[in-house]
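**Student:** The following file, input21.cif, comprises mmCIF, C-alpha atoms:
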data_entry
#
loop_
_atom_site.group_PDB
_atom_site.id
_atom_site.type_symbol
_atom_site.label_atom_id
_atom_site.label_comp_id
_atom_site.auth_asym_id
_atom_site.auth_seq_id
_atom_site.Cartn_x
_atom_site.Cartn_y
_atom_site.Cartn_z
ATOM 1 C CA MET A 1 132.769 79.965 94.197
ATOM 2 C CA LYS A 2 132.195 81.737 90.911
ATOM 3 C CA GLN A 3 128.864 82.501 89.325
ATOM 4 C CA GLU A 4 127.526 80.061 86.739
ATOM 5 C CA GLU A 5 127.715 82.392 83.714
ATOM 6 C CA THR A 6 131.519 82.664 83.909
ATOM 7 C CA PHE A 7 131.963 78.932 84.291
ATOM 8 C CA ASP A 8 133.560 77.266 81.263
ATOM 9 C CA PRO A 9 134.599 73.626 80.614
ATOM 10 C CA GLN A 10 138.217 74.403 81.489
ATOM 11 C CA GLU A 11 137.133 75.602 84.913
ATOM 12 C CA SER A 12 134.860 72.584 85.270
ATOM 13 C CA MET A 13 137.878 70.331 84.902
ATOM 14 C CA GLN A 14 139.796 72.353 87.460
ATOM 15 C CA VAL A 15 136.944 72.096 89.981
ATOM 16 C CA ILE A 16 136.632 68.330 89.454
ATOM 17 C CA SER A 17 140.342 67.641 89.752
ATOM 18 C CA SER A 18 140.921 69.934 92.730
ATOM 19 C CA MET A 19 137.977 68.457 94.663
ATOM 20 C CA ILE A 20 138.939 64.868 93.888
ATOM 21 C CA ILE A 21 142.549 65.550 94.887
ATOM 22 C CA THR A 22 141.338 67.195 98.115
ATOM 23 C CA ALA A 23 139.300 64.140 99.045
ATOM 24 C CA LYS A 24 141.833 61.549 97.889
ATOM 25 C CA ASN A 25 144.996 63.007 99.346
ATOM 26 C CA LYS A 26 143.893 62.865 102.950
ATOM 27 C CA LEU A 27 145.554 59.964 104.694
ATOM 28 C CA ALA A 28 142.771 57.967 106.323
ATOM 29 C CA GLU A 29 144.842 56.529 109.148
ATOM 30 C CA ASP A 30 146.756 58.280 111.918
ATOM 31 C CA GLY A 31 148.554 55.117 113.027
ATOM 32 C CA PHE A 32 147.277 55.333 116.599
ATOM 33 C CA SER A 33 145.933 51.772 116.784
ATOM 34 C CA LEU A 34 149.108 50.308 115.299
ATOM 35 C CA ILE A 35 151.293 52.163 117.800
ATOM 36 C CA PHE A 36 149.001 51.460 120.754
ATOM 37 C CA TRP A 37 148.562 47.729 120.107
ATOM 38 C CA GLY A 38 152.130 47.331 118.892
ATOM 39 C CA TRP A 39 153.593 48.643 122.133
ATOM 40 C CA LEU A 40 150.998 46.986 124.378
ATOM 41 C CA VAL A 41 151.517 43.498 122.933
ATOM 42 C CA THR A 42 155.299 43.942 122.698
ATOM 43 C CA ILE A 43 155.512 45.032 126.348
ATOM 44 C CA SER A 44 153.264 42.116 127.387
ATOM 45 C CA ALA A 45 155.395 39.638 125.425
ATOM 46 C CA LEU A 46 158.639 40.992 126.905
ATOM 47 C CA VAL A 47 157.252 41.039 130.475
ATOM 48 C CA HIS A 48 156.085 37.450 130.004
ATOM 49 C CA TYR A 49 159.488 36.459 128.574
ATOM 50 C CA PHE A 50 161.481 37.983 131.436
ATOM 51 C CA THR A 51 159.198 36.509 134.110
ATOM 52 C CA ILE A 52 159.891 33.065 132.615
ATOM 53 C CA LEU A 53 163.608 33.838 132.413
ATOM 54 C CA LEU A 54 163.706 35.005 136.044
ATOM 55 C CA ASN A 55 161.480 32.153 137.271
ATOM 56 C CA ILE A 56 158.724 34.487 138.411
ATOM 57 C CA ASP A 57 155.360 32.739 138.647
ATOM 58 C CA TYR A 58 152.184 33.865 136.962
ATOM 59 C CA GLY A 59 153.972 36.059 134.395
ATOM 60 C CA TYR A 60 151.394 35.030 131.826
ATOM 61 C CA PHE A 61 148.843 37.068 133.806
ATOM 62 C CA VAL A 62 150.103 40.099 131.917
ATOM 63 C CA TRP A 63 147.956 38.946 128.953
ATOM 64 C CA PRO A 64 144.502 38.642 130.568
ATOM 65 C CA VAL A 65 145.137 41.938 132.390
ATOM 66 C CA LEU A 66 146.585 44.170 129.659
ATOM 67 C CA MET A 67 144.675 42.872 126.610
ATOM 68 C CA PRO A 68 141.112 43.539 127.862
ATOM 69 C CA LEU A 69 142.319 46.877 129.239
ATOM 70 C CA GLY A 70 143.769 47.688 125.817
ATOM 71 C CA GLY A 71 140.479 46.661 124.204
ATOM 72 C CA ILE A 72 138.525 49.077 126.415
ATOM 73 C CA VAL A 73 140.946 52.003 125.831
ATOM 74 C CA SER A 74 141.118 51.301 122.087
ATOM 75 C CA ALA A 75 137.315 51.040 121.749
ATOM 76 C CA TYR A 76 136.846 54.304 123.678
ATOM 77 C CA ILE A 77 139.397 56.205 121.570
ATOM 78 C CA GLY A 78 137.988 54.697 118.349
ATOM 79 C CA TYR A 79 134.495 55.840 119.374
ATOM 80 C CA LYS A 80 135.784 59.363 120.134
ATOM 81 C CA GLN A 81 137.659 59.590 116.816
ATOM 82 C CA GLY A 82 134.632 58.301 114.914
ATOM 83 C CA LYS A 83 132.507 61.060 116.399
ATOM 84 C CA LYS A 84 134.959 63.727 115.246
ATOM 85 C CA LYS A 85 135.068 62.497 111.645
ATOM 86 C CA LYS A 86 133.206 64.653 109.164
ATOM 87 C CA VAL A 87 133.679 62.341 106.250
ATOM 88 C CA LYS A 88 133.619 58.606 105.711
ATOM 89 C CA THR A 89 135.716 57.346 102.836
ATOM 90 C CA TYR A 90 135.648 53.942 101.148
ATOM 91 C CA ILE A 91 139.119 53.386 102.602
ATOM 92 C CA ASP A 92 137.646 53.791 106.116
ATOM 93 C CA THR A 93 135.052 51.141 105.305
ATOM 94 C CA TYR A 94 137.572 48.669 103.830
ATOM 95 C CA LEU A 95 139.929 49.126 106.762
ATOM 96 C CA SER A 96 137.200 48.716 109.363
ATOM 97 C CA TYR A 97 136.012 45.441 107.774
ATOM 98 C CA LEU A 98 139.599 44.201 107.577
ATOM 99 C CA TRP A 99 140.361 44.973 111.227
ATOM 100 C CA ILE A 100 137.019 43.588 112.438
ATOM 101 C CA GLY A 101 137.852 40.379 110.583
ATOM 102 C CA PHE A 102 141.336 40.427 112.086
ATOM 103 C CA GLY A 103 139.918 40.942 115.602
ATOM 104 C CA VAL A 104 137.487 38.032 115.219
ATOM 105 C CA ALA A 105 140.223 35.750 113.823
ATOM 106 C CA LEU A 106 142.514 36.767 116.681
ATOM 107 C CA ALA A 107 139.821 36.097 119.288
ATOM 108 C CA ILE A 108 139.045 32.654 117.827
ATOM 109 C CA THR A 109 142.756 31.781 117.729
ATOM 110 C CA LEU A 110 143.215 32.833 121.371
ATOM 111 C CA ILE A 111 140.024 31.166 122.635
ATOM 112 C CA PHE A 112 141.094 27.811 121.173
ATOM 113 C CA MET A 113 144.715 28.178 122.266
ATOM 114 C CA PRO A 114 144.420 25.344 124.861
ATOM 115 C CA SER A 115 143.379 22.873 122.153
ATOM 116 C CA HIS A 116 146.111 23.645 119.616
ATOM 117 C CA GLY A 117 148.926 24.774 121.898
ATOM 118 C CA ILE A 118 151.038 27.859 122.432
ATOM 119 C CA LYS A 119 153.378 27.315 119.486
ATOM 120 C CA THR A 120 150.629 27.052 116.878
ATOM 121 C CA THR A 121 148.828 30.017 118.444
ATOM 122 C CA TYR A 122 151.883 32.292 118.251
ATOM 123 C CA PHE A 123 152.503 31.170 114.685
ATOM 124 C CA PHE A 124 148.950 32.093 113.668
ATOM 125 C CA LEU A 125 149.111 35.406 115.528
ATOM 126 C CA MET A 126 152.122 36.469 113.455
ATOM 127 C CA VAL A 127 150.486 35.263 110.230
ATOM 128 C CA LEU A 128 147.392 37.309 111.138
ATOM 129 C CA TYR A 129 149.526 40.402 111.896
ATOM 130 C CA GLY A 130 151.136 39.906 108.483
ATOM 131 C CA ILE A 131 147.831 39.636 106.603
ATOM 132 C CA ALA A 132 146.287 42.652 108.356
ATOM 133 C CA THR A 133 149.298 44.910 107.833
ATOM 134 C CA LEU A 134 149.837 43.753 104.236
ATOM 135 C CA VAL A 135 146.244 44.574 103.256
ATOM 136 C CA SER A 136 146.290 47.855 105.223
ATOM 137 C CA GLY A 137 149.547 48.821 103.526
ATOM 138 C CA GLY A 138 148.019 48.059 100.136
ATOM 139 C CA ILE A 139 144.824 50.006 100.819
ATOM 140 C CA LEU A 140 146.702 53.012 102.216
ATOM 141 C CA ASN A 141 149.450 52.723 99.616
ATOM 142 C CA PHE A 142 151.953 52.802 102.472
ATOM 143 C CA LYS A 143 155.059 50.701 101.811
ATOM 144 C CA PRO A 144 156.458 50.451 105.393
ATOM 145 C CA LEU A 145 153.351 48.435 106.360
ATOM 146 C CA VAL A 146 153.876 46.092 103.416
ATOM 147 C CA ILE A 147 157.538 45.609 104.360
ATOM 148 C CA GLY A 148 156.477 45.099 108.007
ATOM 149 C CA SER A 149 154.044 42.397 106.943
ATOM 150 C CA VAL A 150 156.813 40.520 105.131
ATOM 151 C CA CYS A 151 158.859 40.671 108.330
ATOM 152 C CA SER A 152 155.884 39.336 110.295
ATOM 153 C CA PHE A 153 155.453 36.397 107.887
ATOM 154 C CA ALA A 154 159.184 35.664 108.166
ATOM 155 C CA CYS A 155 158.953 35.750 111.978
ATOM 156 C CA ALA A 156 156.014 33.311 111.819
ATOM 157 C CA ALA A 157 158.095 30.896 109.718
ATOM 158 C CA ILE A 158 161.133 31.226 112.036
ATOM 159 C CA SER A 159 158.969 30.722 115.138
ATOM 160 C CA VAL A 160 158.259 27.120 114.087
ATOM 161 C CA PHE A 161 161.891 26.260 114.878
ATOM 162 C CA LEU A 162 161.998 28.005 118.269
ATOM 163 C CA GLU A 163 161.104 27.031 121.827
ATOM 164 C CA ASP A 164 157.962 28.425 123.478
ATOM 165 C CA ARG A 165 159.908 31.008 125.493
ATOM 166 C CA GLU A 166 161.750 32.403 122.454
ATOM 167 C CA GLN A 167 158.464 32.684 120.610
ATOM 168 C CA LEU A 168 157.657 35.620 122.874
ATOM 169 C CA LEU A 169 160.763 37.406 121.624
ATOM 170 C CA ILE A 170 159.956 36.690 117.993
ATOM 171 C CA ILE A 171 156.414 38.071 118.514
ATOM 172 C CA ALA A 172 157.977 41.268 119.894
ATOM 173 C CA ILE A 173 160.213 41.516 116.794
ATOM 174 C CA ALA A 174 157.245 40.878 114.461
ATOM 175 C CA LEU A 175 155.280 43.647 116.177
ATOM 176 C CA LEU A 176 158.200 46.048 116.103
ATOM 177 C CA CYS A 177 158.527 45.599 112.328
ATOM 178 C CA SER A 178 154.877 45.367 111.336
ATOM 179 C CA TYR A 179 153.128 47.636 113.875
ATOM 180 C CA ILE A 180 155.426 49.925 115.837
ATOM 181 C CA ILE A 181 157.832 51.240 113.181
ATOM 182 C CA PRO A 182 155.214 51.603 110.370
ATOM 183 C CA GLY A 183 152.732 52.986 112.940
ATOM 184 C CA HIS A 184 155.114 55.786 113.978
ATOM 185 C CA MET A 185 155.955 56.510 110.318
ATOM 186 C CA LEU A 186 152.260 56.640 109.445
ATOM 187 C CA ARG A 187 151.606 58.969 112.355
ATOM 188 C CA SER A 188 154.336 61.401 111.356
ATOM 189 C CA LYS A 189 153.044 61.390 107.739
ATOM 190 C CA PHE A 190 149.507 61.988 109.002
ATOM 191 C CA LYS A 191 150.669 64.855 111.225
ATOM 192 C CA SER A 192 152.716 66.473 108.464
ATOM 193 C CA GLN A 193 149.710 66.590 106.118
ATOM 194 C CA ASN A 194 147.523 68.129 108.826
ATOM 195 C CA VAL A 195 149.908 70.960 109.751
ATOM 196 C CA MET B 1 126.705 77.476 74.388
ATOM 197 C CA PHE B 2 127.377 74.214 76.269
ATOM 198 C CA LYS B 3 124.172 72.480 75.318
ATOM 199 C CA ASP B 4 125.165 68.890 76.169
ATOM 200 C CA LEU B 5 126.240 69.723 79.666
ATOM 201 C CA ASP B 6 123.871 68.757 82.454
ATOM 202 C CA PRO B 7 122.645 72.113 83.855
ATOM 203 C CA ILE B 8 122.369 70.605 87.331
ATOM 204 C CA LEU B 9 126.081 69.822 87.356
ATOM 205 C CA HIS B 10 127.255 72.767 85.289
ATOM 206 C CA SER B 11 127.408 75.035 88.292
ATOM 207 C CA GLN B 12 130.663 75.483 90.123
ATOM 208 C CA LEU B 13 129.405 74.756 93.628
ATOM 209 C CA ARG B 14 127.163 71.829 92.688
ATOM 210 C CA LEU B 15 129.955 70.329 90.609
ATOM 211 C CA ALA B 16 132.402 70.762 93.503
ATOM 212 C CA VAL B 17 129.974 68.994 95.859
ATOM 213 C CA ILE B 18 129.447 66.094 93.450
ATOM 214 C CA SER B 19 133.200 65.812 92.801
ATOM 215 C CA LEU B 20 133.839 65.570 96.532
ATOM 216 C CA LEU B 21 131.075 63.004 97.023
ATOM 217 C CA VAL B 22 132.375 60.855 94.150
ATOM 218 C CA SER B 23 135.542 60.213 96.137
ATOM 219 C CA VAL B 24 134.031 59.484 99.557
ATOM 220 C CA LYS B 25 131.324 57.252 100.947
ATOM 221 C CA GLU B 26 129.521 60.014 102.810
ATOM 222 C CA ALA B 27 130.342 63.511 103.983
ATOM 223 C CA GLU B 28 128.943 65.895 106.545
ATOM 224 C CA PHE B 29 127.555 69.256 105.462
ATOM 225 C CA THR B 30 130.374 70.988 107.388
ATOM 226 C CA TYR B 31 133.005 68.994 105.445
ATOM 227 C CA LEU B 32 131.475 70.079 102.135
ATOM 228 C CA LYS B 33 131.273 73.676 103.326
ATOM 229 C CA GLU B 34 134.902 73.655 104.440
ATOM 230 C CA HIS B 35 136.267 72.158 101.218
ATOM 231 C CA THR B 36 134.147 74.117 98.765
ATOM 232 C CA GLN B 37 134.687 77.353 100.746
ATOM 233 C CA SER B 38 131.049 78.263 100.336
ATOM 234 C CA THR B 39 128.525 79.840 102.666
ATOM 235 C CA ALA B 40 126.088 77.622 104.564
ATOM 236 C CA GLY B 41 123.088 79.283 102.918
ATOM 237 C CA ASN B 42 124.329 78.861 99.352
ATOM 238 C CA LEU B 43 125.523 75.304 99.967
ATOM 239 C CA SER B 44 122.222 74.264 101.455
ATOM 240 C CA VAL B 45 120.311 75.607 98.427
ATOM 241 C CA GLN B 46 122.678 73.807 96.033
ATOM 242 C CA ILE B 47 122.606 70.449 97.804
ATOM 243 C CA GLN B 48 118.819 70.642 97.864
ATOM 244 C CA LYS B 49 118.890 71.077 94.054
ATOM 245 C CA LEU B 50 121.155 68.027 93.744
ATOM 246 C CA LYS B 51 118.805 66.081 95.964
ATOM 247 C CA ASP B 52 115.755 67.125 93.929
ATOM 248 C CA ALA B 53 117.535 65.898 90.792
ATOM 249 C CA GLY B 54 118.092 62.556 92.533
ATOM 250 C CA TYR B 55 121.888 62.947 92.403
ATOM 251 C CA ILE B 56 122.500 62.845 96.134
ATOM 252 C CA GLU B 57 120.837 61.527 99.280
ATOM 253 C CA ILE B 58 120.617 63.683 102.355
ATOM 254 C CA GLU B 59 120.292 62.170 105.796
ATOM 255 C CA LYS B 60 119.552 64.384 108.758
ATOM 256 C CA LYS B 61 120.510 63.080 112.194
ATOM 257 C CA PHE B 62 121.532 64.311 115.604
ATOM 258 C CA LYS B 63 125.087 64.043 116.875
ATOM 259 C CA ASP B 64 125.762 65.135 120.456
ATOM 260 C CA ASN B 65 122.458 67.023 120.441
ATOM 261 C CA TYR B 66 123.464 69.004 117.346
ATOM 262 C CA PRO B 67 121.833 68.496 113.949
ATOM 263 C CA GLN B 68 124.035 66.626 111.505
ATOM 264 C CA THR B 69 123.476 66.524 107.750
ATOM 265 C CA LEU B 70 125.085 63.653 105.864
ATOM 266 C CA CYS B 71 125.319 63.634 102.072
ATOM 267 C CA ARG B 72 125.908 60.655 99.801
ATOM 268 C CA ILE B 73 126.038 60.400 96.021
ATOM 269 C CA THR B 74 123.410 58.127 94.399
ATOM 270 C CA ASN B 75 123.960 55.804 91.423
ATOM 271 C CA GLU B 76 122.033 58.301 89.327
ATOM 272 C CA GLY B 77 124.385 61.066 90.495
ATOM 273 C CA LEU B 78 127.400 58.949 89.687
ATOM 274 C CA GLN B 79 126.107 58.252 86.177
ATOM 275 C CA ALA B 80 125.300 61.927 85.625
ATOM 276 C CA PHE B 81 128.803 62.849 86.772
ATOM 277 C CA GLU B 82 130.372 60.342 84.383
ATOM 278 C CA ILE B 83 128.348 61.678 81.448
ATOM 279 C CA TYR B 84 129.149 65.273 82.412
ATOM 280 C CA PHE B 85 132.846 64.429 82.665
ATOM 281 C CA LYS B 86 132.856 62.794 79.214
ATOM 282 C CA ASN B 87 131.094 65.799 77.694
ATOM 283 C CA ILE B 88 133.570 68.214 79.279
ATOM 284 C CA GLN B 89 136.418 66.161 77.881
ATOM 285 C CA ALA B 90 134.806 66.334 74.440
ATOM 286 C CA TYR B 91 134.631 70.146 74.671
ATOM 287 C CA LEU B 92 138.239 70.382 75.690
ATOM 288 C CA LYS B 93 139.496 68.062 72.970
ATOM 289 C CA PRO B 94 141.098 70.088 70.166
ATOM 290 C CA LYS B 95 138.985 69.877 67.028
ATOM 291 C CA LYS B 96 140.697 68.243 64.040
#
Using the file provided, produce a representation of the structure as structure tokens.

**Tutor:**
Amino acid sequence: MKQEETFDPQESMQVISSMIITAKNKLAEDGFSLIFWGWLVTISALVHYFTILLNIDYGYFVWPVLMPLGGIVSAYIGYKQGKKKKVKTYIDTYLSYLWIGFGVALAITLIFMPSHGIKTTYFFLMVLYGIATLVSGGILNFKPLVIGSVCSFACAAISVFLEDREQLLIIAIALLCSYIIPGHMLRSKFKSQNV
Amino acid sequence: MFKDLDPILHSQLRLAVISLLVSVKEAEFTYLKEHTQSTAGNLSVQIQKLKDAGYIEIEKKFKDNYPQTLCRITNEGLQAFEIYFKNIQAYLKPKK
């Protein structure tokens, strides 16, 4: 950094703009959670679907086994990443509130699944995926997430006309469009800016 | 020469620190050091000056048994930055 006596207004502007660009241009998200949860839920849904198709009992056990396990792994990795972070942006704060809200809404929907049935639950899950990815896409200014959210909303609407078993397939499609594909794209963008 | 400019902010390193803090919620000392490419000694003197002026808050904690210094801009700092920015713009505007 230069000494104060040689510092003129033109240079002031350069310092301000270069520092603001430095802080703003860093992509806040690496897409890990989207990829992790996208694949985990998609695999669970497909395993459940094929166990029903092949008349294998207790296929639904994939959910109470994999979801808490995913929660533990995700919380551990989130904690580790949080420790490494040297800066906390407003985007980080907005996203964390959004995903906490999403997690709570998801938990409430799943807890009360017996009272409102599988079909309504799956419908709400896809609507929730859509809301969370739409807002994330808006905050991060990342179009694939916005497009994915539209796909998730469409899947939710289509699911109303399907049988319970097929709902598992439509959930997998919703996750592929709103989590997995945008998640991988986000990750490659994140990696390219950190090379 | 530049009488209207806040002397606290009209220093390249202090201005760089404030400009970084305007865009984030909070930043570690090491982040500021990395992005301003300054030395630890100089940066620590300058952030202390910003703190004394009430422009930033400094929080000292421990993270994994190592000291951690977190910096945040205050409302006063934000206002001072806005005024400074307007004044700089006025200087740069071609005179009619």

**Student:** Enumerate as a PDB file with C-alpha atoms, in the frame of the given file the residues belonging to chain B that approach chain A to within 7 Å, with all atoms listed in the file taken into account.

**Tutor:**
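part_23.pdb, freshly written:
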ATOM      1  CA  SER B  11     127.408  75.035  88.292  1.00  0.00           C
ATOM      2  CA  GLN B  12     130.663  75.483  90.123  1.00  0.00           C
ATOM      3  CA  LEU B  13     129.405  74.756  93.628  1.00  0.00           C
ATOM      4  CA  ALA B  16     132.402  70.762  93.503  1.00  0.00           C
ATOM      5  CA  SER B  19     133.200  65.812  92.801  1.00  0.00           C
ATOM      6  CA  LEU B  20     133.839  65.570  96.532  1.00  0.00           C
ATOM      7  CA  SER B  23     135.542  60.213  96.137  1.00  0.00           C
ATOM      8  CA  VAL B  24     134.031  59.484  99.557  1.00  0.00           C
ATOM      9  CA  LYS B  25     131.324  57.252 100.947  1.00  0.00           C
ATOM     10  CA  GLU B  26     129.521  60.014 102.810  1.00  0.00           C
ATOM     11  CA  ALA B  27     130.342  63.511 103.983  1.00  0.00           C
ATOM     12  CA  GLU B  28     128.943  65.895 106.545  1.00  0.00           C
ATOM     13  CA  TYR B  31     133.005  68.994 105.445  1.00  0.00           C
ATOM     14  CA  SER B  38     131.049  78.263 100.336  1.00  0.00           C
ATOM     15  CA  ILE B  88     133.570  68.214  79.279  1.00  0.00           C
ATOM     16  CA  TYR B  91     134.631  70.146  74.671  1.00  0.00           C
ATOM     17  CA  LEU B  92     138.239  70.382  75.690  1.00  0.00           C
TER      18      LEU B  92
END

**Student:** Which is closest to Leu98 (chain A) among A:Ser136, A:Ser74, A:Ser149, A:Gln81, if we use only C-alpha atoms?

**Tutor:**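 When distances to Leu98 (chain A) are compared using only C-alpha atoms, the smallest one comes from A:Ser136.
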
**Student:** Report as a ChimeraX atom specification all protein, DNA and RNA residues lying within 12 Å of Gly78 (chain A), evaluated on only C-alpha atoms, omitting residues in the same chain fewer than 4 positions from it.

**Tutor:** /A:29-33,36,70-74,82-85,96

**Student:** Give the answer as one residue: which of B:Asp52, B:Phe29, B:Gly41, B:Ile8 has the shortest atom-to-atom distance to Pro67 (chain B), using all atoms listed in the file?

**Tutor:**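 Looking at the shortest contact to Pro67 (chain B), the residue is B:Phe29.
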
**Student:** Calculate how many Å separate CA of Tyr94 (chain A) from CA of Gly137 (chain A), rounding to one decimal.

**Tutor:**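 Separation between CA of Tyr94 (chain A) and CA of Gly137 (chain A): 12.0 Å.
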
**Student:** If the PyMOL selection byres ((chain A and resi 120-134) around 6) is run on the structure shown, which residues does it catch, given as a ChimeraX atom specification?

**Tutor:** /A:113,117-119,135-137,145-146,149,152-153,156

**Student:** Got time to write the residues from that selection, C-alpha atoms, as an mmCIF file, keeping the file's coordinate frame?

**Tutor:**
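Listing of selection02.cif after writing:
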data_model
loop_
_atom_site.group_PDB
_atom_site.id
_atom_site.type_symbol
_atom_site.label_atom_id
_atom_site.label_comp_id
_atom_site.auth_asym_id
_atom_site.auth_seq_id
_atom_site.Cartn_x
_atom_site.Cartn_y
_atom_site.Cartn_z
ATOM 1 C CA MET A 113 144.715 28.178 122.266
ATOM 2 C CA GLY A 117 148.926 24.774 121.898
ATOM 3 C CA ILE A 118 151.038 27.859 122.432
ATOM 4 C CA LYS A 119 153.378 27.315 119.486
ATOM 5 C CA VAL A 135 146.244 44.574 103.256
ATOM 6 C CA SER A 136 146.290 47.855 105.223
ATOM 7 C CA GLY A 137 149.547 48.821 103.526
ATOM 8 C CA LEU A 145 153.351 48.435 106.360
ATOM 9 C CA VAL A 146 153.876 46.092 103.416
ATOM 10 C CA SER A 149 154.044 42.397 106.943
ATOM 11 C CA SER A 152 155.884 39.336 110.295
ATOM 12 C CA PHE A 153 155.453 36.397 107.887
ATOM 13 C CA ALA A 156 156.014 33.311 111.819
#

**Student:** Evaluate the PyMOL selection byres ((chain B and resi 57) around 9) on the structure here and hand back the selected residues as a VMD selection string.

**Tutor:** chain B and resid 50 to 51 54 to 56 58 to 59 70 to 74

**Student:** CA of Asn55 (chain A) and CA of Gly38 (chain A), how far apart in Å?

**Tutor:**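 Atom-to-atom, CA of Gly38 (chain A) to CA of Asn55 (chain A), that is 25.6 Å.
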
**Student:** Could you please determine the separation between CA of Pro68 (chain A) and CA of Cys151 (chain A) in Å, to one decimal place?

**Tutor:**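 Atom-to-atom, CA of Pro68 (chain A) and CA of Cys151 (chain A) are spaced 26.5 Å apart.
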